[in-house]
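So this block is my_file-v5.cif, mmCIF, C-alpha atoms and all ligand atoms:
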```cif
data_entry
loop_
_atom_site.group_PDB
_atom_site.id
_atom_site.type_symbol
_atom_site.label_atom_id
_atom_site.label_comp_id
_atom_site.auth_asym_id
_atom_site.auth_seq_id
_atom_site.Cartn_x
_atom_site.Cartn_y
_atom_site.Cartn_z
ATOM 1 C CA VAL A 1116 0.000 0.000 0.000
ATOM 2 C CA ALA A 1117 1.463 3.346 -1.010
ATOM 3 C CA ALA A 1118 2.001 5.913 1.753
ATOM 4 C CA ARG A 1119 -0.331 8.797 2.298
ATOM 5 C CA LEU A 1120 1.364 11.967 1.071
ATOM 6 C CA ILE A 1121 1.634 14.749 3.631
ATOM 7 C CA ASP A 1122 0.238 17.908 2.066
ATOM 8 C CA GLY A 1123 2.580 20.567 3.447
ATOM 9 C CA LYS A 1124 1.511 23.037 0.791
ATOM 10 C CA GLY A 1125 -2.160 22.737 1.730
ATOM 11 C CA LEU A 1126 -1.519 22.947 5.470
ATOM 12 C CA ALA A 1127 0.775 25.950 5.003
ATOM 13 C CA GLU A 1128 -2.008 27.681 3.061
ATOM 14 C CA ARG A 1129 -4.452 27.102 5.921
ATOM 15 C CA LEU A 1130 -1.906 28.331 8.459
ATOM 16 C CA ARG A 1131 -1.323 31.484 6.432
ATOM 17 C CA ALA A 1132 -5.064 32.162 6.430
ATOM 18 C CA GLU A 1133 -5.137 31.772 10.244
ATOM 19 C CA ILE A 1134 -2.086 34.005 10.616
ATOM 20 C CA ALA A 1135 -3.672 36.665 8.375
ATOM 21 C CA GLU A 1136 -6.673 36.688 10.710
ATOM 22 C CA GLU A 1137 -4.393 37.157 13.739
ATOM 23 C CA VAL A 1138 -2.487 39.971 12.022
ATOM 24 C CA ARG A 1139 -5.806 41.759 11.423
ATOM 25 C CA GLU A 1140 -6.633 41.368 15.127
ATOM 26 C CA ILE A 1141 -3.251 42.709 16.263
ATOM 27 C CA GLY A 1142 -3.431 45.596 13.806
ATOM 28 C CA ASP A 1143 0.157 46.024 12.714
ATOM 29 C CA VAL A 1144 3.000 43.478 12.585
ATOM 30 C CA GLY A 1145 6.443 44.268 11.175
ATOM 31 C CA LEU A 1146 9.233 42.001 9.902
ATOM 32 C CA ALA A 1147 12.662 43.294 8.838
ATOM 33 C CA THR A 1148 15.103 41.162 6.877
ATOM 34 C CA ILE A 1149 18.763 41.800 6.145
ATOM 35 C CA LEU A 1150 20.462 40.295 3.123
ATOM 36 C CA VAL A 1151 24.219 40.821 2.785
ATOM 37 C CA GLY A 1152 25.685 40.348 -0.687
ATOM 38 C CA ASP A 1153 23.984 39.057 -3.813
ATOM 39 C CA ASP A 1154 23.827 35.280 -3.452
ATOM 40 C CA PRO A 1155 21.072 34.272 -5.936
ATOM 41 C CA ALA A 1156 19.637 31.463 -3.744
ATOM 42 C CA SER A 1157 19.399 33.821 -0.739
ATOM 43 C CA ASP A 1158 17.709 36.397 -2.958
ATOM 44 C CA VAL A 1159 15.030 33.808 -3.869
ATOM 45 C CA TYR A 1160 14.500 32.832 -0.192
ATOM 46 C CA ILE A 1161 14.198 36.470 0.885
ATOM 47 C CA ARG A 1162 11.683 37.240 -1.868
ATOM 48 C CA ARG A 1163 9.574 34.235 -0.852
ATOM 49 C CA LYS A 1164 9.573 35.377 2.767
ATOM 50 C CA HIS A 1165 8.465 38.873 1.766
ATOM 51 C CA ASP A 1166 5.767 37.589 -0.585
ATOM 52 C CA ALA A 1167 4.406 35.332 2.166
ATOM 53 C CA ALA A 1168 4.582 38.142 4.749
ATOM 54 C CA GLN A 1169 2.707 40.522 2.476
ATOM 55 C CA GLU A 1170 0.071 37.903 1.709
ATOM 56 C CA VAL A 1171 -0.830 37.680 5.416
ATOM 57 C CA GLY A 1172 -0.652 41.439 5.966
ATOM 58 C CA ILE A 1173 2.711 41.542 7.788
ATOM 59 C CA ARG A 1174 4.545 44.743 6.879
ATOM 60 C CA SER A 1175 7.970 43.603 5.727
ATOM 61 C CA VAL A 1176 11.053 45.683 5.001
ATOM 62 C CA ASP A 1177 13.878 44.280 2.895
ATOM 63 C CA HIS A 1178 17.307 45.674 3.859
ATOM 64 C CA ARG A 1179 20.117 44.961 1.393
ATOM 65 C CA LEU A 1180 23.781 45.505 2.213
ATOM 66 C CA PRO A 1181 26.800 45.038 -0.077
ATOM 67 C CA ALA A 1182 29.041 41.977 0.414
ATOM 68 C CA THR A 1183 31.798 44.390 1.506
ATOM 69 C CA VAL A 1184 29.793 45.714 4.482
ATOM 70 C CA THR A 1185 31.800 45.986 7.704
ATOM 71 C CA GLU A 1186 30.834 44.422 11.032
ATOM 72 C CA GLU A 1187 30.248 47.912 12.400
ATOM 73 C CA GLU A 1188 27.836 48.880 9.609
ATOM 74 C CA LEU A 1189 25.879 45.631 9.927
ATOM 75 C CA GLY A 1190 25.856 46.020 13.714
ATOM 76 C CA ARG A 1191 24.497 49.551 13.393
ATOM 77 C CA LEU A 1192 21.597 48.428 11.185
ATOM 78 C CA ILE A 1193 20.712 45.571 13.564
ATOM 79 C CA ALA A 1194 20.820 47.980 16.521
ATOM 80 C CA GLU A 1195 18.477 50.381 14.686
ATOM 81 C CA LEU A 1196 16.014 47.584 13.956
ATOM 82 C CA ASN A 1197 16.243 46.349 17.565
ATOM 83 C CA ALA A 1198 15.314 49.834 18.738
ATOM 84 C CA ASP A 1199 12.571 50.393 16.150
ATOM 85 C CA ASP A 1200 9.237 49.852 17.851
ATOM 86 C CA SER A 1201 7.461 49.177 14.549
ATOM 87 C CA VAL A 1202 9.670 46.114 13.942
ATOM 88 C CA ASP A 1203 8.572 42.875 15.665
ATOM 89 C CA GLY A 1204 10.926 40.430 13.953
ATOM 90 C CA VAL A 1205 14.501 40.772 12.664
ATOM 91 C CA LEU A 1206 16.032 38.140 10.422
ATOM 92 C CA VAL A 1207 19.586 38.050 9.041
ATOM 93 C CA GLN A 1208 19.674 35.812 5.969
ATOM 94 C CA SER A 1209 22.351 33.122 6.014
ATOM 95 C CA PRO A 1210 24.986 32.600 4.668
ATOM 96 C CA LEU A 1211 26.946 35.763 5.432
ATOM 97 C CA PRO A 1212 30.178 36.583 3.553
ATOM 98 C CA PRO A 1213 33.215 34.899 5.161
ATOM 99 C CA HIS A 1214 34.540 38.074 6.852
ATOM 100 C CA LEU A 1215 31.400 38.229 9.031
ATOM 101 C CA ASP A 1216 31.038 35.783 11.922
ATOM 102 C CA GLU A 1217 27.485 34.407 11.757
ATOM 103 C CA ASP A 1218 27.493 33.081 15.332
ATOM 104 C CA GLU A 1219 28.494 36.507 16.568
ATOM 105 C CA VAL A 1220 26.067 38.453 14.353
ATOM 106 C CA ILE A 1221 23.043 36.436 15.494
ATOM 107 C CA GLN A 1222 23.776 37.508 19.071
ATOM 108 C CA TRP A 1223 23.333 41.156 18.082
ATOM 109 C CA VAL A 1224 19.655 40.610 17.251
ATOM 110 C CA ASN A 1225 17.395 41.316 20.236
ATOM 111 C CA TYR A 1226 16.320 37.827 21.322
ATOM 112 C CA GLU A 1227 12.706 39.078 21.616
ATOM 113 C CA LYS A 1228 12.804 39.832 17.864
ATOM 114 C CA ASP A 1229 14.779 36.700 16.865
ATOM 115 C CA VAL A 1230 12.034 35.080 14.767
ATOM 116 C CA ASP A 1231 14.563 32.622 13.257
ATOM 117 C CA GLY A 1232 15.143 31.214 16.752
ATOM 118 C CA PHE A 1233 18.929 31.078 16.274
ATOM 119 C CA HIS A 1234 19.941 33.419 19.131
ATOM 120 C CA PRO A 1235 21.691 31.417 21.897
ATOM 121 C CA ASP A 1236 19.022 32.543 24.417
ATOM 122 C CA ASN A 1237 16.280 31.054 22.249
ATOM 123 C CA ALA A 1238 18.309 27.913 21.529
ATOM 124 C CA GLY A 1239 18.863 27.614 25.295
ATOM 125 C CA LEU A 1240 15.156 27.936 26.065
ATOM 126 C CA LEU A 1241 14.396 25.165 23.565
ATOM 127 C CA TYR A 1242 17.091 23.022 25.204
ATOM 128 C CA ALA A 1243 15.525 23.723 28.606
ATOM 129 C CA GLY A 1244 12.116 22.611 27.327
ATOM 130 C CA ARG A 1245 10.647 26.151 27.501
ATOM 131 C CA PRO A 1246 10.696 27.170 23.833
ATOM 132 C CA ARG A 1247 10.072 30.804 22.832
ATOM 133 C CA PHE A 1248 11.110 31.008 19.158
ATOM 134 C CA VAL A 1249 11.794 27.630 17.527
ATOM 135 C CA PRO A 1250 13.708 27.544 14.207
ATOM 136 C CA ALA A 1251 11.054 27.604 11.484
ATOM 137 C CA THR A 1252 11.808 24.302 9.738
ATOM 138 C CA ALA A 1253 11.715 22.345 13.004
ATOM 139 C CA LEU A 1254 8.499 24.070 14.073
ATOM 140 C CA GLY A 1255 6.973 23.325 10.656
ATOM 141 C CA ILE A 1256 7.877 19.628 10.951
ATOM 142 C CA LEU A 1257 6.276 19.302 14.389
ATOM 143 C CA THR A 1258 3.168 21.093 13.130
ATOM 144 C CA LEU A 1259 2.906 18.614 10.213
ATOM 145 C CA LEU A 1260 3.309 15.591 12.488
ATOM 146 C CA LYS A 1261 0.612 16.880 14.847
ATOM 147 C CA GLU A 1262 -1.760 17.752 12.017
ATOM 148 C CA TYR A 1263 -1.469 14.172 10.708
ATOM 149 C CA GLU A 1264 -1.956 12.838 14.241
ATOM 150 C CA VAL A 1265 1.305 10.893 14.209
ATOM 151 C CA VAL A 1266 1.775 9.325 17.641
ATOM 152 C CA LEU A 1267 4.988 10.727 19.104
ATOM 153 C CA GLU A 1268 4.736 9.662 22.747
ATOM 154 C CA GLY A 1269 6.821 6.525 23.170
ATOM 155 C CA ALA A 1270 7.579 6.390 19.429
ATOM 156 C CA ARG A 1271 11.056 5.621 18.141
ATOM 157 C CA ALA A 1272 12.126 8.785 16.331
ATOM 158 C CA VAL A 1273 15.311 8.907 14.281
ATOM 159 C CA VAL A 1274 16.656 12.232 13.035
ATOM 160 C CA VAL A 1275 19.361 12.087 10.375
ATOM 161 C CA GLY A 1276 21.374 15.335 10.498
ATOM 162 C CA ARG A 1277 22.421 17.450 13.479
ATOM 163 C CA SER A 1278 22.500 21.001 12.153
ATOM 164 C CA VAL A 1279 21.567 23.903 14.401
ATOM 165 C CA ILE A 1280 18.828 24.957 11.981
ATOM 166 C CA VAL A 1281 17.090 21.588 11.514
ATOM 167 C CA GLY A 1282 18.479 18.382 13.050
ATOM 168 C CA LYS A 1283 19.110 19.559 16.615
ATOM 169 C CA PRO A 1284 15.950 21.640 17.139
ATOM 170 C CA VAL A 1285 13.687 18.976 15.630
ATOM 171 C CA SER A 1286 15.319 16.346 17.888
ATOM 172 C CA LEU A 1287 14.605 18.496 20.955
ATOM 173 C CA LEU A 1288 10.986 19.036 19.905
ATOM 174 C CA LEU A 1289 10.468 15.298 19.390
ATOM 175 C CA LEU A 1290 12.030 14.650 22.801
ATOM 176 C CA SER A 1291 9.693 17.176 24.400
ATOM 177 C CA GLU A 1292 6.809 15.228 22.821
ATOM 178 C CA ASN A 1293 8.114 12.127 24.654
ATOM 179 C CA ALA A 1294 9.512 10.308 21.628
ATOM 180 C CA THR A 1295 12.644 8.205 22.107
ATOM 181 C CA VAL A 1296 15.066 10.086 19.894
ATOM 182 C CA THR A 1297 18.203 8.921 18.097
ATOM 183 C CA ILE A 1298 20.307 11.527 16.275
ATOM 184 C CA CYS A 1299 22.390 10.257 13.351
ATOM 185 C CA HIS A 1300 25.088 12.136 11.412
ATOM 186 C CA SER A 1301 28.015 11.665 9.039
ATOM 187 C CA ARG A 1302 29.991 9.532 11.527
ATOM 188 C CA THR A 1303 27.095 7.232 12.428
ATOM 189 C CA LYS A 1304 27.955 3.591 11.837
ATOM 190 C CA ASP A 1305 25.349 1.514 9.977
ATOM 191 C CA LEU A 1306 22.832 4.294 9.396
ATOM 192 C CA ALA A 1307 20.307 1.807 7.975
ATOM 193 C CA ALA A 1308 20.219 -0.168 11.242
ATOM 194 C CA HIS A 1309 18.998 2.997 12.978
ATOM 195 C CA THR A 1310 16.572 4.266 10.339
ATOM 196 C CA ARG A 1311 14.884 0.840 10.047
ATOM 197 C CA GLU A 1312 13.854 1.108 13.714
ATOM 198 C CA ALA A 1313 12.187 4.495 13.220
ATOM 199 C CA ASP A 1314 8.445 4.975 13.627
ATOM 200 C CA VAL A 1315 9.150 8.616 12.819
ATOM 201 C CA LEU A 1316 12.070 9.335 10.483
ATOM 202 C CA VAL A 1317 13.267 12.893 9.837
ATOM 203 C CA VAL A 1318 15.992 13.266 7.221
ATOM 204 C CA ALA A 1319 17.905 16.573 6.947
ATOM 205 C CA VAL A 1320 21.211 15.860 5.225
ATOM 206 C CA GLY A 1321 21.305 17.538 1.815
ATOM 207 C CA ARG A 1322 22.129 14.492 -0.281
ATOM 208 C CA PRO A 1323 19.664 12.783 -2.656
ATOM 209 C CA LYS A 1324 18.719 9.190 -1.724
ATOM 210 C CA VAL A 1325 20.820 9.110 1.448
ATOM 211 C CA VAL A 1326 17.797 7.131 2.688
ATOM 212 C CA THR A 1327 16.665 4.366 0.341
ATOM 213 C CA THR A 1328 13.497 2.279 0.466
ATOM 214 C CA ASP A 1329 15.150 -0.634 2.309
ATOM 215 C CA MET A 1330 16.113 1.779 5.123
ATOM 216 C CA VAL A 1331 12.500 2.661 5.967
ATOM 217 C CA LYS A 1332 10.379 0.738 8.482
ATOM 218 C CA PRO A 1333 7.027 -0.314 6.971
ATOM 219 C CA GLY A 1334 4.322 2.129 8.037
ATOM 220 C CA ALA A 1335 6.752 4.805 9.289
ATOM 221 C CA ALA A 1336 6.069 8.548 9.085
ATOM 222 C CA VAL A 1337 8.868 9.970 6.941
ATOM 223 C CA ILE A 1338 9.738 13.663 6.873
ATOM 224 C CA ASP A 1339 12.097 14.534 4.049
ATOM 225 C CA VAL A 1340 13.710 17.924 4.676
ATOM 226 C CA GLY A 1341 16.298 17.735 1.888
ATOM 227 C CA MET A 1342 16.259 20.218 -0.959
ATOM 228 C CA ASN A 1343 18.673 19.095 -3.624
ATOM 229 C CA ARG A 1344 18.804 20.626 -7.063
ATOM 230 C CA THR A 1345 19.433 17.746 -9.460
ATOM 231 C CA GLY A 1346 19.278 17.382 -13.248
ATOM 232 C CA GLU A 1347 15.755 16.042 -12.752
ATOM 233 C CA GLY A 1348 14.629 19.028 -10.664
ATOM 234 C CA LEU A 1349 14.242 19.556 -6.917
ATOM 235 C CA ARG A 1350 14.690 16.300 -4.980
ATOM 236 C CA GLY A 1351 14.691 15.398 -1.300
ATOM 237 C CA ASP A 1352 17.074 13.200 0.693
ATOM 238 C CA VAL A 1353 14.785 10.159 0.630
ATOM 239 C CA ASP A 1354 14.274 7.968 -2.413
ATOM 240 C CA PRO A 1355 10.709 8.778 -3.561
ATOM 241 C CA ALA A 1356 10.183 5.007 -3.984
ATOM 242 C CA ALA A 1357 10.148 4.812 -0.153
ATOM 243 C CA ALA A 1358 6.514 5.931 -0.458
ATOM 244 C CA GLU A 1359 5.735 2.268 -1.213
ATOM 245 C CA VAL A 1360 6.889 1.276 2.285
ATOM 246 C CA ALA A 1361 6.160 4.299 4.493
ATOM 247 C CA GLY A 1362 2.781 5.014 6.059
ATOM 248 C CA LEU A 1363 3.069 8.763 5.600
ATOM 249 C CA ILE A 1364 5.663 10.724 3.671
ATOM 250 C CA THR A 1365 6.349 14.350 2.713
ATOM 251 C CA PRO A 1366 6.773 15.055 -0.994
ATOM 252 C CA VAL A 1367 9.603 17.277 -2.258
ATOM 253 C CA PRO A 1368 8.612 19.886 -3.243
ATOM 254 C CA GLY A 1369 5.361 20.597 -1.386
ATOM 255 C CA GLY A 1370 6.165 19.051 2.005
ATOM 256 C CA VAL A 1371 8.440 20.734 4.531
ATOM 257 C CA GLY A 1372 9.405 23.769 2.395
ATOM 258 C CA PRO A 1373 6.076 25.652 2.523
ATOM 259 C CA MET A 1374 5.746 24.864 6.244
ATOM 260 C CA THR A 1375 9.084 26.564 6.946
ATOM 261 C CA ILE A 1376 7.898 29.913 5.632
ATOM 262 C CA ALA A 1377 4.490 29.602 7.315
ATOM 263 C CA SER A 1378 6.293 28.886 10.611
ATOM 264 C CA LEU A 1379 8.470 31.976 10.210
ATOM 265 C CA LEU A 1380 5.274 34.020 9.881
ATOM 266 C CA ARG A 1381 3.896 32.244 12.961
ATOM 267 C CA ASN A 1382 7.034 33.228 14.917
ATOM 268 C CA THR A 1383 6.671 36.831 13.752
ATOM 269 C CA VAL A 1384 3.088 36.985 15.038
ATOM 270 C CA THR A 1385 4.228 35.382 18.316
ATOM 271 C CA ALA A 1386 6.902 38.099 18.623
ATOM 272 C CA ALA A 1387 4.304 40.812 17.967
ATOM 273 C CA ARG A 1388 1.940 39.403 20.616
ATOM 274 C CA ARG A 1389 4.732 39.054 23.186
ATOM 275 C CA ARG A 1390 5.863 42.630 22.629
ATOM 276 C CA ARG A 1391 2.349 43.970 23.075
ATOM 277 C CA CYS A 1392 1.485 42.334 26.386
HETATM 278 N N1 LIG B 1401 12.656 22.457 3.256
HETATM 279 C C1 LIG B 1401 13.177 23.430 4.004
HETATM 280 O O1 LIG B 1401 12.505 24.377 4.384
HETATM 281 C C2 LIG B 1401 14.603 23.341 4.424
HETATM 282 C C3 LIG B 1401 15.112 24.139 5.460
HETATM 283 C C4 LIG B 1401 16.425 23.976 5.850
HETATM 284 C C5 LIG B 1401 17.217 23.055 5.189
HETATM 285 N N2 LIG B 1401 16.697 22.323 4.158
HETATM 286 C C6 LIG B 1401 17.487 21.313 3.454
HETATM 287 O O2 LIG B 1401 17.753 20.254 4.349
HETATM 288 C C7 LIG B 1401 19.022 19.679 4.078
HETATM 289 C C8 LIG B 1401 19.854 19.744 5.337
HETATM 290 O O3 LIG B 1401 20.045 21.092 5.706
HETATM 291 P P1 LIG B 1401 20.973 21.522 6.917
HETATM 292 O O4 LIG B 1401 21.076 22.992 6.909
HETATM 293 O O5 LIG B 1401 20.521 20.828 8.148
HETATM 294 O O6 LIG B 1401 22.379 20.909 6.402
HETATM 295 P P2 LIG B 1401 23.819 20.843 7.078
HETATM 296 O O7 LIG B 1401 24.021 21.960 8.026
HETATM 297 O O8 LIG B 1401 24.768 20.647 5.941
HETATM 298 O O9 LIG B 1401 23.757 19.490 7.928
HETATM 299 C C9 LIG B 1401 23.694 18.249 7.302
HETATM 300 C C10 LIG B 1401 23.758 17.158 8.342
HETATM 301 O O10 LIG B 1401 23.742 15.902 7.671
HETATM 302 C C11 LIG B 1401 24.765 15.065 8.196
HETATM 303 N N3 LIG B 1401 25.238 14.149 7.162
HETATM 304 C C12 LIG B 1401 25.986 14.443 6.061
HETATM 305 N N4 LIG B 1401 26.205 13.335 5.328
HETATM 306 C C13 LIG B 1401 25.602 12.319 5.991
HETATM 307 C C14 LIG B 1401 25.487 10.928 5.751
HETATM 308 N N5 LIG B 1401 26.031 10.363 4.674
HETATM 309 N N6 LIG B 1401 24.791 10.189 6.631
HETATM 310 C C15 LIG B 1401 24.217 10.737 7.713
HETATM 311 N N7 LIG B 1401 24.302 12.062 8.005
HETATM 312 C C16 LIG B 1401 24.983 12.836 7.151
HETATM 313 C C17 LIG B 1401 25.850 16.011 8.654
HETATM 314 O O11 LIG B 1401 26.613 15.344 9.644
HETATM 315 P P3 LIG B 1401 27.857 16.051 10.401
HETATM 316 O O12 LIG B 1401 27.220 16.948 11.439
HETATM 317 O O13 LIG B 1401 28.576 14.907 11.000
HETATM 318 O O14 LIG B 1401 28.617 16.795 9.372
HETATM 319 C C18 LIG B 1401 25.025 17.178 9.193
HETATM 320 O O15 LIG B 1401 24.681 17.002 10.554
HETATM 321 C C19 LIG B 1401 19.562 20.479 2.889
HETATM 322 O O16 LIG B 1401 19.191 19.828 1.687
HETATM 323 C C20 LIG B 1401 18.818 21.796 2.975
HETATM 324 O O17 LIG B 1401 18.710 22.445 1.714
HETATM 325 C C21 LIG B 1401 15.406 22.439 3.782
#
```

As structure tokens, please, write out the structure in this file.
Ligand SMILES: NC(=O)c1ccc[n+]([C@@H]2O[C@H](COP(=O)([O-])OP(=O)(O)OC[C@H]3O[C@@H](n4cnc5c(N)ncnc54)[C@H](OP(=O)(O)O)[C@@H]3O)[C@@H](O)[C@H]2O)c1
Amino acid sequence: VAARLIDGKGLAERLRAEIAEEVREIGDVGLATILVGDDPASDVYIRRKHDAAQEVGIRSVDHRLPATVTEEELGRLIAELNADDSVDGVLVQSPLPPHLDEDEVIQWVNYEKDVDGFHPDNAGLLYAGRPRFVPATALGILTLLKEYEVVLEGARAVVVGRSVIVGKPVSLLLLSENATVTICHSRTKDLAAHTREADVLVVAVGRPKVVTTDMVKPGAAVIDVGMNRTGEGLRGDVDPAAAEVAGLITPVPGGVGPMTIASLLRNTVTAARRRRC
């Protein structure tokens, strides 16, 4: 029996409608983004974020700085946005040019406006089990799993990938939902032995078919985070043929991707509400 496809696109659309309603209630919500340099992929991501923000009525301002910008100049802009009462969320698009230290820059954003959830204070709160802003992709994945009523309590969850933006935060969220979580990475021995045990399998590696059909437990819920541009178009990290074995699976595109942007908007509305009470 082929797996049910998880409709991330459809759910993200519904979430955006809900968020639009909340924005109307609040009155005015502002998001500021900063893009340094002219990386074409980052330009696409930033445009998508602005389009989505505008669709739900969030006022978004797109700040562009040249790749040669100094730390001081970038710091000044972040400080201005931190102090600007009309700005609820501040987002610095990654990657930054090599002369700027991303870990350092993220600490300059006021943690109350850190809608990406990358500031160490927000990462720490997630670690402590008291999340404030959760990185958007991880939040989107948990929202999908809940929407599809996937049982997490007591489930064996395996996360492949341990990045700060996806693997680690999604592992912590699954743990807080009482799943038994295994985190795999590039040094894991016998990856298949782990993935085959997974009732819930989240794959965030960035390599097509790193998980093949034989590595999936029959009936498992499979979340494919990968976005790989191949000659055949956009592909995930999981062999699409795994849909014949899984119980539920996210398509690529149309699975996790749209949920990431919807979750960023959700975080922005959360920031606006927090700042107003
Ligand atoms: N759909 C979305 O909205 C969205 C959002 C974010 C990212 N993505 C996509 O998700 C993928 C992962 O992104 P990321 O930022 O988390 O990537 P990343 O920072 O490069 O991390 C990749 C992780 O995969 C692990 N890994 C690499 N090769 C492996 C292997 N052969 N077996 C097991 N683990 C392996 C790495 O292990 P080590 O730690 O040992 O190096 C690392 O932890 C990319 O395709 C990215 O484009 C999609």

| What do you get as number ranges by chain if you pick all residues at most 6 Å from ligand LIG 1401 (chain B), counting only C-alpha atoms and all ligand atoms? | A: 1252, 1275-1278, 1280-1282, 1299-1302, 1319-1321, 1340-1343, 1371-1372, 1375

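Between CA of Ser1378 in chain A and CA of Gly1123 in chain A there is a distance of 11.6 Å.
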
Answer key for the PyMOL selection byres (((chain A and resi 1148-1160) around 10) and not hetatm), residues as a PDB file with C-alpha atoms, in the frame of the given file:
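The resulting file, result.pdb, is shown below:
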```
ATOM      1  CA  LEU A1146       9.233  42.001   9.902  1.00  0.00           C
ATOM      2  CA  ALA A1147      12.662  43.294   8.838  1.00  0.00           C
ATOM      3  CA  ILE A1161      14.198  36.470   0.885  1.00  0.00           C
ATOM      4  CA  ARG A1162      11.683  37.240  -1.868  1.00  0.00           C
ATOM      5  CA  ARG A1163       9.574  34.235  -0.852  1.00  0.00           C
ATOM      6  CA  LYS A1164       9.573  35.377   2.767  1.00  0.00           C
ATOM      7  CA  HIS A1165       8.465  38.873   1.766  1.00  0.00           C
ATOM      8  CA  ASP A1166       5.767  37.589  -0.585  1.00  0.00           C
ATOM      9  CA  SER A1175       7.970  43.603   5.727  1.00  0.00           C
ATOM     10  CA  VAL A1176      11.053  45.683   5.001  1.00  0.00           C
ATOM     11  CA  ASP A1177      13.878  44.280   2.895  1.00  0.00           C
ATOM     12  CA  HIS A1178      17.307  45.674   3.859  1.00  0.00           C
ATOM     13  CA  ARG A1179      20.117  44.961   1.393  1.00  0.00           C
ATOM     14  CA  LEU A1180      23.781  45.505   2.213  1.00  0.00           C
ATOM     15  CA  PRO A1181      26.800  45.038  -0.077  1.00  0.00           C
ATOM     16  CA  ALA A1182      29.041  41.977   0.414  1.00  0.00           C
ATOM     17  CA  THR A1183      31.798  44.390   1.506  1.00  0.00           C
ATOM     18  CA  VAL A1184      29.793  45.714   4.482  1.00  0.00           C
ATOM     19  CA  LEU A1189      25.879  45.631   9.927  1.00  0.00           C
ATOM     20  CA  LEU A1192      21.597  48.428  11.185  1.00  0.00           C
ATOM     21  CA  ILE A1193      20.712  45.571  13.564  1.00  0.00           C
ATOM     22  CA  LEU A1196      16.014  47.584  13.956  1.00  0.00           C
ATOM     23  CA  GLY A1204      10.926  40.430  13.953  1.00  0.00           C
ATOM     24  CA  VAL A1205      14.501  40.772  12.664  1.00  0.00           C
ATOM     25  CA  LEU A1206      16.032  38.140  10.422  1.00  0.00           C
ATOM     26  CA  VAL A1207      19.586  38.050   9.041  1.00  0.00           C
ATOM     27  CA  GLN A1208      19.674  35.812   5.969  1.00  0.00           C
ATOM     28  CA  SER A1209      22.351  33.122   6.014  1.00  0.00           C
ATOM     29  CA  PRO A1210      24.986  32.600   4.668  1.00  0.00           C
ATOM     30  CA  LEU A1211      26.946  35.763   5.432  1.00  0.00           C
ATOM     31  CA  PRO A1212      30.178  36.583   3.553  1.00  0.00           C
ATOM     32  CA  LEU A1215      31.400  38.229   9.031  1.00  0.00           C
ATOM     33  CA  ILE A1376       7.898  29.913   5.632  1.00  0.00           C
TER      34      ILE A1376
END
```

| task | Between A:Ala1243, A:Leu1120, A:Ala1253, A:Ala1336, single out the one closest to Val1266 in chain A, counting all atoms listed in the file. | result |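 Of A:Ala1243, A:Leu1120, A:Ala1253, A:Ala1336, the one nearest Val1266 in chain A is A:Ala1336, counting all atoms listed in the file.
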
| field | Length of the CA of Asp1229 in chain A to CA of Leu1259 in chain A vector [Å] | value |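 Computed distance, CA of Asp1229 in chain A to CA of Leu1259 in chain A, equals 22.6 Å.
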
| field | Surrounding residues of Ala1127 in chain A excluding itself and chain neighbours under 4 positions, 6 Å, all atoms listed in the file, as JSON, numbers by chain | value | {"A": [1123, 1373, 1374, 1377]}

Reconstructed N, CA, C and O atoms for range 1346-1353 of chain A, given as a CSV table (one decimal), keeping the file's coordinate frame:
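Full text of rebuild.csv as output:
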```
chain,number,residue,atom,x,y,z
A,1346,GLY,N,19.6,17.3,-11.8
A,1346,GLY,CA,19.3,17.4,-13.2
A,1346,GLY,C,17.8,17.1,-13.5
A,1346,GLY,O,17.2,17.6,-14.5
A,1347,GLU,N,17.2,16.4,-12.6
A,1347,GLU,CA,15.8,16.0,-12.8
A,1347,GLU,C,14.9,17.0,-12.0
A,1347,GLU,O,13.7,16.8,-11.9
A,1348,GLY,N,15.4,18.1,-11.4
A,1348,GLY,CA,14.6,19.0,-10.7
A,1348,GLY,C,14.9,18.9,-9.2
A,1348,GLY,O,15.9,18.3,-8.8
A,1349,LEU,N,14.0,19.5,-8.4
A,1349,LEU,CA,14.2,19.6,-6.9
A,1349,LEU,C,13.9,18.2,-6.3
A,1349,LEU,O,12.9,17.6,-6.6
A,1350,ARG,N,14.9,17.6,-5.6
A,1350,ARG,CA,14.7,16.3,-5.0
A,1350,ARG,C,15.0,16.4,-3.5
A,1350,ARG,O,15.9,17.2,-3.1
A,1351,GLY,N,14.4,15.5,-2.7
A,1351,GLY,CA,14.7,15.4,-1.3
A,1351,GLY,C,15.9,14.5,-1.0
A,1351,GLY,O,16.7,14.2,-1.9
A,1352,ASP,N,16.0,14.1,0.3
A,1352,ASP,CA,17.1,13.2,0.7
A,1352,ASP,C,16.6,11.7,0.7
A,1352,ASP,O,17.4,10.8,0.8
A,1353,VAL,N,15.3,11.5,0.6
A,1353,VAL,CA,14.8,10.2,0.6
A,1353,VAL,C,14.4,9.7,-0.8
A,1353,VAL,O,13.8,10.5,-1.5
```
